[in-house]
Amino acid sequence: MELLGAAPSHRPQIDAWHREVSGLLQSLVTSRLSSDDMASILAGLASFRSTGVTPEKTQLSLVKAYCQSSGLFQELLHHIFFGQAVASAPRRDSEFFGHIDGNSIAKILSELDETGYCVLPFRLGRDIVDAVKRNSLSIGYSLRERLDESVPKAIPSIDPAAPPSCVAAYANNGQVLADPLLKSIAEDPLILHLAASHLKTEAIPIDATLWYSFPSKSPSSESAQLFHFDLDTLRWLKVFYYLTDVNTESGPHLYIKGTHKPGVKDAELLKKGYARILDSEMESAHPGKKVSITGPAGTVILGDTRCFHKGTHLKSGHRLIFSPIYAPSKIGYFHGSRGPGESVPAR
């Protein structure tokens with residue numbers, strides 16, 4: 001990507017640079033994709049420009065392109081579409097976190113770039129956490145992996161003290177950012193600045209998820225409790241707000257540090273495609289790279305979820321998480337089938 005960002009401005013350097021980049025892309029990208037997938041991606045990009053919608057076949061072809069190029073293809077497209085965009089001037093004063101100095105921001109961005117994740121050195125206040133939890137009780141939810149088939153698939157409200165018989169309950173999508181407090185958190189200027197700085201372009205909240213997790217006997221693939229990576233758009237950043245205390249028993253988030261970078265993911269794991277990975281397979285492929293994130297309510301986690309990651313299944317209690325996603329656009333963002341018979345889980 002350094003080569004792509006270093007295009008010269010004068011001949012004959014341009015011709016030499018073009019030959020070098022063309023050879024690199026041929027060996028790492030185009031030779032690995034079928035003509036059908038390339039056509040599907042180009043047609044889908046044209047469709048997005050006209051309609052704002054990414055066709056399902058295009059999204060599936062983008063998944064193939066990611067796996068076969070070890071992430072380079074999406075990095076290339078992001079650079080082409082957004083590489084010349086400049087993030088807005090920093091707005092560091094936050095309604096929720098106050099003023100954060102430049103040195104602290106630089107440390108956050110450095111850790112995020114190096115490992116793919118960063119737990120912020122500040123948290124949401126207890127009053128804000130309590131207010132979000134109160135608001136969450138009256139939102140409608142869809143139940144994921146019901147443990148009792150007699151339980152309805154959707155409920156108009158939730159009582160975590162008397163939880164429904166399911167592994168997870170996801171707030172109805174349209175109600176999440178319709179909540180003024182959640183919308184304000186998602187649009188916090190400090191978080192927007194961190195997202196834009198990481199992505200090196202303007203970033204907006206393109207979606208958000210709010211969900212409860214409950215104890216289960218084993219990890220749920222449907223509720224994203226096995227290792228996987230996301231492929232939501234070309235480049236994005238997710239933020240995870242713990243709204244309940246999270247310890248080793250109540251579902252800590254796990255990630256494999258550094259695996260957000262193109263070319264780092266184990267090639268054998270990528271051959272599986274957009275699939276769930278067992279802990280034993282992950283440890284064998286990326287030994288010693290697993291990081292578990294526990295923390296009190298209010299903990300804020302930035303995650304480049306191109307990293308392999310998962311939510312641990314709960315052994316006790318319940319967990320509530322709010323997670324907005326930031327990107328320059330919704331190119332490639334598709335909430336439908338990820339593959340034959342596999343539905344998209346919220347994370």
# chains A, B, ... in the order shown; residues from 1 in each chain; ligands from 1
$ residues_around --residues "Ala267 in chain A" --least-positions-apart "6" --cutoff "10 Å" --atoms "only C-alpha atoms" --output "PyMOL selection string"
chain A and resi 67-70+285
$ write_last_selection --atoms "C-alpha atoms" --output "PDB file, in the first residue's frame"
ATOM      1  CA  CYS A  67      -9.639 -14.347   1.322  1.00  0.00           C
ATOM      2  CA  GLN A  68      -7.720 -14.926  -1.911  1.00  0.00           C
ATOM      3  CA  SER A  69      -5.713 -11.704  -1.662  1.00  0.00           C
ATOM      4  CA  SER A  70      -5.296 -11.829   2.151  1.00  0.00           C
ATOM      5  CA  ALA A 285      -2.191 -20.773  13.378  1.00  0.00           C
TER       6      ALA A 285
END
$ residues_around --residues "Glu283 in chain A" --least-positions-apart "4" --cutoff "12 Å" --atoms "only C-alpha atoms" --output "PyMOL selection string"
chain A and resi 227+255-256+266+269+277-279+287-291+308
$ select_by_dssp --residues "range 82-219 of chain A" --states "strand (DSSP E or B)" --output "count of residues only"
30
$ residues_around --residues "Gly263 in chain A" --least-positions-apart "2" --cutoff "7 Å" --atoms "only C-alpha atoms" --output "VMD selection string"
chain A and resid 70 to 71 261 265
$ closest_residue --among "A:Thr312, A:Asn247, A:Ser50, A:Ser329" --to "Thr299 in chain A" --atoms "only C-alpha atoms"
A:Asn247
$ closest_residue --among "A:Gly273, A:Pro121, A:Gly317, A:Gly311" --to "Val63 in chain A" --atoms "only C-alpha atoms"
A:Gly273
$ closest_residue --among "A:Ser316, A:Ser280, A:Gln225, A:Ser323" --to "Ala171 in chain A" --atoms "only C-alpha atoms"
A:Ser323
